[in-house]
>>> print(open('entry-v5.txt').read())   # compact mmCIF, C-alpha atoms and all ligand atoms
# COMPACT_ATOMS: atom_id res chain seq x y z
CA MET E 1 0.00 0.00 0.00
CA ALA E 2 1.13 3.58 -0.67
CA LEU E 3 2.34 5.67 2.25
CA ILE E 4 -0.69 7.94 1.94
CA GLU E 5 -3.85 6.74 0.31
CA CYS E 6 -7.15 8.64 0.01
CA VAL E 7 -10.14 6.95 -1.53
CA ASP E 8 -13.22 8.97 -2.40
CA LEU E 9 -12.36 11.45 0.37
CA THR E 10 -15.01 14.07 1.01
CA HIS E 11 -14.84 16.78 3.63
CA VAL E 12 -17.68 19.10 4.52
CA TYR E 13 -17.18 21.94 6.98
CA LEU E 14 -20.04 23.03 9.23
CA ARG E 15 -22.30 20.36 7.86
CA GLY E 16 -25.99 21.01 8.29
CA THR E 17 -25.52 24.73 9.00
CA PRO E 18 -26.16 27.67 6.68
CA LEU E 19 -22.35 28.00 6.42
CA GLU E 20 -21.84 24.45 5.14
CA ALA E 21 -18.88 24.24 2.75
CA VAL E 22 -17.91 21.18 0.73
CA ALA E 23 -14.11 21.48 0.67
CA LEU E 24 -13.22 18.06 -0.79
CA ARG E 25 -15.45 15.99 -3.04
CA GLY E 26 -14.37 12.46 -3.79
CA VAL E 27 -10.59 12.81 -3.77
CA THR E 28 -8.74 9.62 -4.68
CA LEU E 29 -5.00 9.92 -4.44
CA SER E 30 -2.04 7.82 -3.43
CA ILE E 31 1.44 8.99 -2.55
CA ASP E 32 4.38 6.59 -2.41
CA ALA E 33 7.22 6.82 0.09
CA GLY E 34 10.20 8.83 -1.13
CA THR E 35 8.37 11.01 -3.64
CA PHE E 36 8.27 14.81 -3.86
CA VAL E 37 4.76 15.96 -4.72
CA GLY E 38 3.66 19.50 -5.53
CA LEU E 39 0.09 20.36 -4.59
CA LEU E 40 -1.23 23.21 -6.72
CA GLY E 41 -4.59 24.85 -7.19
CA PRO E 42 -6.38 28.16 -6.83
CA THR E 43 -7.27 29.54 -3.40
CA GLY E 44 -10.19 27.64 -1.93
CA SER E 45 -9.58 24.53 -4.04
CA GLY E 46 -9.11 22.31 -0.97
CA LYS E 47 -5.32 21.97 -0.68
CA SER E 48 -5.11 22.89 2.96
CA THR E 49 -8.13 20.78 3.87
CA LEU E 50 -6.55 17.82 2.10
CA ILE E 51 -3.18 17.99 3.87
CA GLN E 52 -4.84 18.28 7.27
CA HIS E 53 -6.25 14.80 6.66
CA PHE E 54 -2.72 13.46 6.31
CA ASN E 55 -2.05 13.81 10.02
CA ALA E 56 -5.60 13.52 11.30
CA LEU E 57 -6.13 17.16 12.19
CA LEU E 58 -9.25 16.69 10.10
CA ARG E 59 -11.20 13.47 9.65
CA PRO E 60 -13.10 12.45 6.52
CA THR E 61 -16.79 13.27 6.28
CA SER E 62 -16.90 10.25 3.98
CA GLY E 63 -14.37 8.11 2.16
CA THR E 64 -11.08 6.91 3.65
CA VAL E 65 -7.55 8.08 4.36
CA HIS E 66 -4.80 5.59 5.17
CA VAL E 67 -1.41 6.80 6.35
CA ALA E 68 1.32 4.21 6.81
CA GLY E 69 -1.39 1.57 6.81
CA ILE E 70 -3.46 3.26 9.55
CA ASP E 71 -7.08 3.88 8.64
CA LEU E 72 -7.82 7.44 9.75
CA SER E 73 -11.49 7.19 8.94
CA GLN E 74 -11.77 5.01 12.06
CA PRO E 75 -12.48 7.15 15.15
CA ARG E 76 -10.13 5.04 17.27
CA ALA E 77 -7.23 5.15 14.81
CA ASP E 78 -3.71 5.48 16.24
CA VAL E 79 -3.42 9.21 15.60
CA LYS E 80 -0.30 9.58 17.74
CA THR E 81 1.74 7.33 15.49
CA VAL E 82 0.50 9.12 12.40
CA ARG E 83 1.38 12.56 13.82
CA ARG E 84 4.90 11.36 14.54
CA GLN E 85 5.32 10.23 10.96
CA VAL E 86 3.72 13.16 9.19
CA GLY E 87 5.17 16.56 10.01
CA LEU E 88 2.95 19.46 9.00
CA VAL E 89 4.47 22.90 8.45
CA PHE E 90 1.70 25.48 8.18
CA GLN E 91 1.95 28.82 6.43
CA TYR E 92 4.07 31.29 8.40
CA PRO E 93 5.08 28.62 10.95
CA GLU E 94 7.21 31.19 12.79
CA HIS E 95 3.98 32.57 14.27
CA GLN E 96 3.89 29.42 16.38
CA LEU E 97 7.31 29.97 18.00
CA PHE E 98 6.81 30.66 21.69
CA GLU E 99 9.67 29.38 23.85
CA GLU E 100 12.40 31.57 25.33
CA THR E 101 15.22 30.02 23.35
CA VAL E 102 15.68 28.49 19.93
CA PHE E 103 16.80 25.26 21.59
CA ASP E 104 13.66 24.98 23.74
CA ASP E 105 11.42 25.68 20.81
CA VAL E 106 12.90 22.92 18.67
CA ALA E 107 13.03 20.61 21.72
CA TYR E 108 9.34 21.07 22.48
CA GLY E 109 8.10 18.11 20.39
CA PRO E 110 10.85 15.65 21.37
CA ARG E 111 10.31 16.54 25.06
CA ASN E 112 6.63 15.72 24.66
CA LEU E 113 7.66 12.33 23.36
CA GLY E 114 9.39 11.80 26.71
CA LEU E 115 12.80 11.17 25.16
CA ALA E 116 16.04 11.14 27.16
CA THR E 117 17.90 14.46 27.55
CA GLU E 118 20.76 13.32 25.36
CA GLU E 119 18.47 12.14 22.58
CA ILE E 120 16.63 15.47 22.72
CA GLN E 121 19.91 17.33 22.46
CA ASP E 122 20.98 15.26 19.45
CA ARG E 123 17.67 15.72 17.70
CA VAL E 124 17.64 19.49 18.24
CA GLN E 125 21.18 19.90 16.95
CA ASP E 126 20.55 17.65 13.99
CA ALA E 127 17.29 19.42 13.08
CA LEU E 128 18.85 22.89 13.34
CA ARG E 129 21.78 21.85 11.16
CA LEU E 130 19.38 20.44 8.57
CA VAL E 131 17.85 23.88 8.13
CA GLY E 132 21.21 25.62 8.12
CA VAL E 133 21.03 27.13 11.61
CA ASP E 134 24.15 26.69 13.74
CA PRO E 135 22.95 25.22 17.06
CA ASP E 136 25.92 26.62 19.00
CA ALA E 137 25.50 30.16 17.76
CA PHE E 138 21.69 30.26 17.87
CA GLY E 139 20.58 27.69 20.45
CA ARG E 140 20.45 30.06 23.41
CA ARG E 141 19.06 33.04 21.57
CA SER E 142 15.46 34.10 21.70
CA PRO E 143 13.65 33.03 18.52
CA PHE E 144 12.24 36.55 18.41
CA SER E 145 15.69 38.07 17.92
CA LEU E 146 16.13 36.26 14.60
CA SER E 147 15.46 37.40 11.05
CA GLY E 148 12.23 36.29 9.36
CA GLY E 149 14.00 33.61 7.34
CA GLU E 150 15.85 32.28 10.41
CA MET E 151 12.65 32.15 12.44
CA ARG E 152 10.97 30.18 9.70
CA ARG E 153 13.85 27.72 9.57
CA VAL E 154 13.77 27.26 13.34
CA ALA E 155 10.04 26.55 13.14
CA ILE E 156 10.66 23.93 10.45
CA ALA E 157 13.45 22.44 12.60
CA GLY E 158 10.84 21.95 15.34
CA VAL E 159 8.90 19.69 12.98
CA LEU E 160 12.04 17.89 11.76
CA ALA E 161 13.08 17.17 15.36
CA MET E 162 10.13 14.77 15.48
CA GLN E 163 11.93 12.83 12.72
CA PRO E 164 8.89 12.47 10.50
CA GLN E 165 8.85 10.25 7.45
CA VAL E 166 6.69 12.72 5.55
CA LEU E 167 7.09 16.48 5.52
CA VAL E 168 4.06 18.48 4.39
CA LEU E 169 4.67 22.17 3.81
CA ASP E 170 2.14 24.88 3.02
CA GLU E 171 3.90 27.67 1.08
CA PRO E 172 7.18 27.41 3.00
CA ALA E 173 8.82 30.23 1.05
CA ALA E 174 5.92 32.71 1.23
CA GLY E 175 6.87 36.22 2.24
CA LEU E 176 10.64 35.64 2.28
CA ASP E 177 13.13 37.62 0.21
CA PRO E 178 14.57 35.84 -2.87
CA GLN E 179 17.65 34.64 -1.00
CA GLY E 180 15.64 33.37 1.97
CA LYS E 181 13.35 31.57 -0.47
CA GLN E 182 16.20 29.84 -2.27
CA GLU E 183 17.77 28.79 1.04
CA ILE E 184 14.61 27.20 2.39
CA LEU E 185 13.76 25.48 -0.88
CA GLY E 186 17.35 24.22 -1.24
CA GLN E 187 17.19 22.74 2.25
CA ILE E 188 13.90 21.04 1.51
CA ARG E 189 15.37 19.56 -1.64
CA THR E 190 18.34 18.26 0.37
CA LEU E 191 16.04 16.68 2.96
CA HIS E 192 14.28 14.86 0.17
CA ARG E 193 17.38 13.77 -1.71
CA GLU E 194 19.73 12.96 1.12
CA ARG E 195 17.41 11.87 3.90
CA GLY E 196 14.84 10.25 1.64
CA LEU E 197 11.99 12.23 3.18
CA THR E 198 8.67 12.12 1.36
CA VAL E 199 7.74 15.75 0.71
CA ILE E 200 4.36 17.27 -0.11
CA LEU E 201 4.61 20.93 -0.98
CA ILE E 202 1.73 23.34 -1.44
CA THR E 203 2.86 26.18 -3.63
CA HIS E 204 1.43 28.92 -5.80
CA SER E 205 4.70 29.23 -7.65
CA MET E 206 4.99 27.25 -10.84
CA ASP E 207 8.71 28.02 -10.91
CA GLU E 208 9.14 26.46 -7.47
CA ALA E 209 7.23 23.40 -8.58
CA ALA E 210 9.32 23.06 -11.75
CA GLN E 211 12.54 23.33 -9.74
CA LEU E 212 11.65 20.87 -7.03
CA VAL E 213 8.92 18.32 -7.46
CA ASP E 214 8.60 15.01 -9.34
CA ARG E 215 4.86 14.93 -9.52
CA ILE E 216 2.12 17.55 -9.51
CA VAL E 217 -1.40 17.20 -8.20
CA VAL E 218 -3.67 20.06 -9.25
CA MET E 219 -6.77 20.65 -7.13
CA ASN E 220 -9.81 22.53 -8.36
CA ARG E 221 -13.12 22.98 -6.50
CA GLY E 222 -12.36 20.20 -4.06
CA GLN E 223 -11.36 17.66 -6.68
CA VAL E 224 -8.15 16.39 -8.24
CA ALA E 225 -8.16 18.11 -11.63
CA MET E 226 -4.77 16.91 -12.87
CA ASP E 227 -2.18 14.47 -11.55
CA GLY E 228 1.07 13.39 -13.15
CA PRO E 229 4.79 13.93 -13.69
CA VAL E 230 5.75 17.61 -13.59
CA ARG E 231 6.76 17.82 -17.24
CA GLY E 232 3.52 16.33 -18.47
CA ILE E 233 1.44 18.71 -16.35
CA PHE E 234 3.19 21.83 -17.63
CA ARG E 235 2.58 20.67 -21.21
CA ARG E 236 -1.11 21.21 -20.50
CA ALA E 237 -0.86 25.00 -20.33
CA ASP E 238 -4.36 25.63 -21.68
CA GLU E 239 -5.99 23.35 -19.15
CA LEU E 240 -4.01 25.01 -16.35
CA ALA E 241 -5.07 28.44 -17.62
CA SER E 242 -8.71 27.37 -17.57
CA ILE E 243 -8.46 26.92 -13.79
CA GLY E 244 -6.53 30.12 -13.31
CA LEU E 245 -3.03 28.64 -13.13
CA GLY E 246 0.04 29.44 -15.20
CA VAL E 247 3.18 27.58 -16.20
CA PRO E 248 6.79 28.29 -15.13
CA ALA E 249 8.28 31.45 -16.65
CA ILE E 250 10.73 29.44 -18.74
CA THR E 251 7.99 27.14 -20.07
CA ASP E 252 5.95 30.23 -20.92
CA LEU E 253 8.87 31.64 -22.90
CA MET E 254 9.05 28.44 -24.95
CA LEU E 255 5.30 28.61 -25.69
CA ARG E 256 5.71 32.22 -26.85
CA LEU E 257 8.55 31.26 -29.13
CA ARG E 258 6.43 28.50 -30.60
CA ARG E 259 3.63 30.97 -31.33
CA ARG E 260 6.18 32.99 -33.25
CA GLY E 261 7.09 29.99 -35.35
CA VAL E 262 10.24 28.82 -33.55
CA ALA E 263 9.86 25.05 -33.27
CA VAL E 264 11.20 24.63 -29.73
CA ARG E 265 10.11 21.82 -27.42
CA PRO E 266 7.25 23.08 -25.25
CA ASP E 267 8.01 21.07 -22.10
CA VAL E 268 11.09 22.88 -20.89
CA LEU E 269 11.59 23.31 -17.13
CA SER E 270 14.97 24.97 -16.65
CA LEU E 271 17.31 27.49 -18.19
CA GLU E 272 19.70 24.76 -19.32
CA GLU E 273 16.89 22.90 -21.04
CA ALA E 274 15.73 26.13 -22.68
CA ARG E 275 19.18 26.80 -24.02
CA ALA E 276 19.37 23.30 -25.49
CA ALA E 277 15.85 23.51 -26.94
CA ILE E 278 16.48 26.85 -28.64
CA TRP E 279 19.81 25.65 -30.00
CA GLU E 280 18.12 22.53 -31.35
CA ALA E 281 15.35 24.58 -32.99
CA VAL E 282 17.57 27.12 -34.73
CA ARG E 283 20.42 24.81 -35.68
CA TRP E 284 18.82 23.63 -38.87
CA ASN E 285 17.64 27.05 -40.06
P1 LIG F 301 -6.96 26.06 -0.28
O1 LIG F 301 -5.99 25.55 0.75
O2 LIG F 301 -6.80 25.42 -1.61
O3 LIG F 301 -7.00 27.56 -0.36
P2 LIG F 301 -9.02 25.28 1.64
O4 LIG F 301 -8.84 23.83 1.92
O5 LIG F 301 -8.48 26.26 2.63
O6 LIG F 301 -8.44 25.60 0.18
O7 LIG F 301 -10.55 25.60 1.46
C1 LIG F 301 -11.46 24.80 0.70
C2 LIG F 301 -12.87 25.29 0.95
O8 LIG F 301 -13.25 25.04 2.29
C3 LIG F 301 -13.06 26.79 0.72
O9 LIG F 301 -14.33 26.97 0.16
C4 LIG F 301 -13.01 27.36 2.11
O10 LIG F 301 -13.76 28.53 2.20
C5 LIG F 301 -13.62 26.24 2.94
N1 LIG F 301 -13.05 26.22 4.32
C6 LIG F 301 -11.75 26.05 4.64
N2 LIG F 301 -11.59 26.04 5.98
C7 LIG F 301 -12.82 26.18 6.52
C8 LIG F 301 -13.32 26.22 7.86
N3 LIG F 301 -12.50 26.10 8.91
N4 LIG F 301 -14.65 26.39 8.02
C9 LIG F 301 -15.49 26.49 6.97
N5 LIG F 301 -15.08 26.45 5.68
C10 LIG F 301 -13.77 26.29 5.45
>>> encode(input="entry-v5.txt", output="structure tokens", more="lines below")
Ligand code: ADP
Amino acid sequence: MALIECVDLTHVYLRGTPLEAVALRGVTLSIDAGTFVGLLGPTGSGKSTLIQHFNALLRPTSGTVHVAGIDLSQPRADVKTVRRQVGLVFQYPEHQLFEETVFDDVAYGPRNLGLATEEIQDRVQDALRLVGVDPDAFGRRSPFSLSGGEMRRVAIAGVLAMQPQVLVLDEPAAGLDPQGKQEILGQIRTLHRERGLTVILITHSMDEAAQLVDRIVVMNRGQVAMDGPVRGIFRRADELASIGLGVPAITDLMLRLRRRGVAVRPDVLSLEEARAAIWEAVRWN
């Protein structure tokens, strides 16, 4: 069985009230261990509702969600085990920092697990290093004395200190300057490649998706509208446009060239690929 498996998952908020909202309607989706999935879709399409089912913050109204073989549609499911395995990083996670020191903040989760002092220390140091924060230089500082990018990384370290198998991030680079963005995204890529973490990334940036993910799931009005390898999805520019989504800037450039009669490949995802595609197209002219 896949690591995460939703079958016909429906979620209705405030059911039976005048404010009832159907956020997910019949989502069927499976995510294998070790993959890097981008979750895209317009605002209100159900992305955030969907990911909250992955660690049982929300339960299905109907349909099923299995995580690591645990059936979360059962009220008595082992939610604790699932929460240990699936780390959720919400938007602007730094708003949830609250301890007096960086160390204590990152140690909060491991302490709740009742781990030994030494193990906690190891986990905190390891997690801080993973996000590029030096534990010796920053450990005793107040999280509130850090820059925005550093605070965000400390908040992510708090989730990593739980040593999850799956990391789910909602717009982790939102609101950071270009350098801060690249740092965070680079670290997420490293976690995936070197630690084998399964990553699910909600993003509004097509460029981010093109840079990072293997597979894209596009949500629209509570349903999975598109699902497939990143290159195949960005070939479907018209379909994406019809639900208000674009393609990466470099892919867009290729499509413009094609409209002007330059026969470049349309499914280009990086500058290097663009260079090769243009060279290939003009070589024979
Ligand atoms: P996205 O993350 O793609 O922006 P959401 O999952 O946040 O989408 O929202 C999906 C739908 O569910 C929207 O119509 C939204 O208004 C509604 N919704 C989300 N959260 C709540 C809530 N706590 N109570 C009621 N409706 C909600």
>>> residues_around(input="entry-v5.txt", residues="Leu40 (chain E)", least_positions_apart="6", cutoff="10 Å", atoms="all atoms listed in the file", output="ChimeraX atom specification")
/E:46-47,201-206,209,216-220,224-226,245
>>> residues_near_ligand(input="entry-v5.txt", ligand="ligand LIG 301 (chain F)", cutoff="6 Å", atoms="all atoms listed in the file", output="MDAnalysis selection string")
chainID E and resid 13 21 23 42:49
>>> residues_around(input="entry-v5.txt", residues="Thr64 (chain E)", least_positions_apart="6", cutoff="10 Å", atoms="only C-alpha atoms", output="list of chain:residue names")
E:Glu5, E:Cys6, E:Val7, E:Asp8, E:Leu9, E:Thr10, E:Gly26, E:Val27, E:Thr28, E:His53, E:Asp71, E:Leu72, E:Ser73, E:Gln74
>>> atom_distance(input="entry-v5.txt", atom1="CA of Val213 (chain E)", atom2="CA of Pro164 (chain E)")
18.9 Å
>>> closest_residue(input="entry-v5.txt", among="E:Leu58, E:Val154, E:Val159, E:Ala33", to="Gly196 (chain E)", atoms="all atoms listed in the file")
E:Ala33
>>> closest_residue(input="entry-v5.txt", among="E:Asp105, E:Phe90, E:Arg231, E:Glu272", to="Ala174 (chain E)", atoms="all atoms listed in the file")
E:Phe90
>>> atom_distance(input="entry-v5.txt", atom1="CA of Ile250 (chain E)", atom2="CA of Ala277 (chain E)")
11.3 Å
>>> closest_residue(input="entry-v5.txt", among="E:Val89, E:Ala68, E:Leu191, E:Val102", to="Ala173 (chain E)", atoms="only C-alpha atoms")
E:Val89
>>> atom_distance(input="entry-v5.txt", atom1="CA of Gln223 (chain E)", atom2="CA of Asp207 (chain E)")
23.0 Å
>>> residues_around(input="entry-v5.txt", residues="Leu130 (chain E)", least_positions_apart="6", cutoff="9 Å", atoms="only C-alpha atoms", output="ChimeraX atom specification")
/E:157,160,187-188,190-191
>>> residues_around(input="entry-v5.txt", residues="Leu185 (chain E)", least_positions_apart="6", cutoff="10 Å", atoms="only C-alpha atoms", output="JSON, numbers by chain")
{"E": [172, 173, 179, 191, 208, 211, 212]}
>>> residues_near_point(input="entry-v5.txt", point="(17.1, 24.7, 23.0)", cutoff="9 Å", atoms="only C-alpha atoms", output="PyMOL selection string")
chain E and resi 99-108+121+124-125+135+138-141
>>> closest_residue(input="entry-v5.txt", among="E:Gly244, E:Lys80, E:Ile200, E:Val37", to="Arg221 (chain E)", atoms="only C-alpha atoms")
E:Gly244
>>> residues_around(input="entry-v5.txt", residues="Leu253 (chain E)", least_positions_apart="4", cutoff="10 Å", atoms="only C-alpha atoms", output="PyMOL selection string")
chain E and resi 247-249+257-259+266+268+274
>>> closest_residue(input="entry-v5.txt", among="E:Val79, E:Met1, E:Leu19, E:Ala161", to="Arg123 (chain E)", atoms="only C-alpha atoms")
E:Ala161
>>> closest_residue(input="entry-v5.txt", among="E:Leu97, E:Ile120, E:Leu3, E:Leu24", to="Ile70 (chain E)", atoms="all atoms listed in the file")
E:Leu3
>>> decode(input="entry-v5.txt", residues="region 168-179 of chain E", atoms="all heavy atoms", output="PDB file, in the first residue's frame")
ATOM      1  N   VAL E 168       5.080  17.799   5.184  1.00  0.00           N
ATOM      2  CA  VAL E 168       4.063  18.479   4.388  1.00  0.00           C
ATOM      3  C   VAL E 168       4.202  19.969   4.665  1.00  0.00           C
ATOM      4  O   VAL E 168       4.148  20.395   5.819  1.00  0.00           O
ATOM      5  CB  VAL E 168       2.641  18.014   4.790  1.00  0.00           C
ATOM      6  CG1 VAL E 168       1.610  18.625   3.864  1.00  0.00           C
ATOM      7  CG2 VAL E 168       2.534  16.502   4.782  1.00  0.00           C
ATOM      8  N   LEU E 169       4.415  20.744   3.609  1.00  0.00           N
ATOM      9  CA  LEU E 169       4.672  22.174   3.812  1.00  0.00           C
ATOM     10  C   LEU E 169       3.688  23.011   3.010  1.00  0.00           C
ATOM     11  O   LEU E 169       3.495  22.773   1.815  1.00  0.00           O
ATOM     12  CB  LEU E 169       6.086  22.520   3.339  1.00  0.00           C
ATOM     13  CG  LEU E 169       7.229  21.720   3.956  1.00  0.00           C
ATOM     14  CD1 LEU E 169       8.001  20.994   2.879  1.00  0.00           C
ATOM     15  CD2 LEU E 169       8.155  22.631   4.737  1.00  0.00           C
ATOM     16  N   ASP E 170       3.079  23.989   3.695  1.00  0.00           N
ATOM     17  CA  ASP E 170       2.142  24.883   3.018  1.00  0.00           C
ATOM     18  C   ASP E 170       2.859  26.210   2.736  1.00  0.00           C
ATOM     19  O   ASP E 170       3.121  26.972   3.664  1.00  0.00           O
ATOM     20  CB  ASP E 170       0.919  25.096   3.925  1.00  0.00           C
ATOM     21  CG  ASP E 170      -0.218  25.806   3.201  1.00  0.00           C
ATOM     22  OD1 ASP E 170       0.001  26.290   2.072  1.00  0.00           O
ATOM     23  OD2 ASP E 170      -1.314  25.884   3.776  1.00  0.00           O
ATOM     24  N   GLU E 171       3.225  26.425   1.496  1.00  0.00           N
ATOM     25  CA  GLU E 171       3.896  27.668   1.079  1.00  0.00           C
ATOM     26  C   GLU E 171       5.082  28.031   1.969  1.00  0.00           C
ATOM     27  O   GLU E 171       5.102  29.117   2.555  1.00  0.00           O
ATOM     28  CB  GLU E 171       2.887  28.827   1.123  1.00  0.00           C
ATOM     29  CG  GLU E 171       1.808  28.733   0.090  1.00  0.00           C
ATOM     30  CD  GLU E 171       2.188  29.367  -1.237  1.00  0.00           C
ATOM     31  OE1 GLU E 171       3.306  29.911  -1.357  1.00  0.00           O
ATOM     32  OE2 GLU E 171       1.387  29.290  -2.149  1.00  0.00           O
ATOM     33  N   PRO E 172       6.081  27.147   2.056  1.00  0.00           N
ATOM     34  CA  PRO E 172       7.175  27.407   2.999  1.00  0.00           C
ATOM     35  C   PRO E 172       8.013  28.636   2.665  1.00  0.00           C
ATOM     36  O   PRO E 172       8.697  29.170   3.543  1.00  0.00           O
ATOM     37  CB  PRO E 172       8.028  26.141   2.902  1.00  0.00           C
ATOM     38  CG  PRO E 172       7.727  25.581   1.562  1.00  0.00           C
ATOM     39  CD  PRO E 172       6.283  25.901   1.313  1.00  0.00           C
ATOM     40  N   ALA E 173       7.973  29.093   1.421  1.00  0.00           N
ATOM     41  CA  ALA E 173       8.821  30.227   1.055  1.00  0.00           C
ATOM     42  C   ALA E 173       8.045  31.541   1.019  1.00  0.00           C
ATOM     43  O   ALA E 173       8.629  32.589   0.742  1.00  0.00           O
ATOM     44  CB  ALA E 173       9.475  29.959  -0.298  1.00  0.00           C
ATOM     45  N   ALA E 174       6.743  31.502   1.342  1.00  0.00           N
ATOM     46  CA  ALA E 174       5.915  32.710   1.226  1.00  0.00           C
ATOM     47  C   ALA E 174       6.456  33.849   2.082  1.00  0.00           C
ATOM     48  O   ALA E 174       6.827  33.645   3.234  1.00  0.00           O
ATOM     49  CB  ALA E 174       4.477  32.390   1.640  1.00  0.00           C
ATOM     50  N   GLY E 175       6.516  35.026   1.486  1.00  0.00           N
ATOM     51  CA  GLY E 175       6.875  36.219   2.243  1.00  0.00           C
ATOM     52  C   GLY E 175       8.349  36.391   2.526  1.00  0.00           C
ATOM     53  O   GLY E 175       8.742  37.351   3.186  1.00  0.00           O
ATOM     54  N   LEU E 176       9.199  35.478   2.057  1.00  0.00           N
ATOM     55  CA  LEU E 176      10.643  35.644   2.280  1.00  0.00           C
ATOM     56  C   LEU E 176      11.264  36.365   1.091  1.00  0.00           C
ATOM     57  O   LEU E 176      10.717  36.361  -0.008  1.00  0.00           O
ATOM     58  CB  LEU E 176      11.318  34.280   2.453  1.00  0.00           C
ATOM     59  CG  LEU E 176      10.871  33.428   3.642  1.00  0.00           C
ATOM     60  CD1 LEU E 176      11.615  32.096   3.639  1.00  0.00           C
ATOM     61  CD2 LEU E 176      11.096  34.160   4.959  1.00  0.00           C
ATOM     62  N   ASP E 177      12.450  36.972   1.332  1.00  0.00           N
ATOM     63  CA  ASP E 177      13.130  37.619   0.207  1.00  0.00           C
ATOM     64  C   ASP E 177      13.708  36.516  -0.696  1.00  0.00           C
ATOM     65  O   ASP E 177      13.757  35.352  -0.311  1.00  0.00           O
ATOM     66  CB  ASP E 177      14.202  38.596   0.711  1.00  0.00           C
ATOM     67  CG  ASP E 177      15.254  37.907   1.554  1.00  0.00           C
ATOM     68  OD1 ASP E 177      15.585  36.728   1.267  1.00  0.00           O
ATOM     69  OD2 ASP E 177      15.742  38.515   2.510  1.00  0.00           O
ATOM     70  N   PRO E 178      14.135  36.882  -1.921  1.00  0.00           N
ATOM     71  CA  PRO E 178      14.573  35.844  -2.865  1.00  0.00           C
ATOM     72  C   PRO E 178      15.657  34.929  -2.302  1.00  0.00           C
ATOM     73  O   PRO E 178      15.622  33.715  -2.515  1.00  0.00           O
ATOM     74  CB  PRO E 178      15.090  36.652  -4.056  1.00  0.00           C
ATOM     75  CG  PRO E 178      14.343  37.935  -3.989  1.00  0.00           C
ATOM     76  CD  PRO E 178      14.120  38.220  -2.536  1.00  0.00           C
ATOM     77  N   GLN E 179      16.589  35.485  -1.547  1.00  0.00           N
ATOM     78  CA  GLN E 179      17.654  34.645  -0.997  1.00  0.00           C
ATOM     79  C   GLN E 179      17.104  33.681   0.067  1.00  0.00           C
ATOM     80  O   GLN E 179      17.411  32.490   0.057  1.00  0.00           O
ATOM     81  CB  GLN E 179      18.742  35.522  -0.384  1.00  0.00           C
ATOM     82  CG  GLN E 179      19.986  34.722  -0.065  1.00  0.00           C
ATOM     83  CD  GLN E 179      20.946  35.488   0.829  1.00  0.00           C
ATOM     84  OE1 GLN E 179      20.901  36.718   0.893  1.00  0.00           O
ATOM     85  NE2 GLN E 179      21.802  34.775   1.538  1.00  0.00           N
TER      86      GLN E 179
END
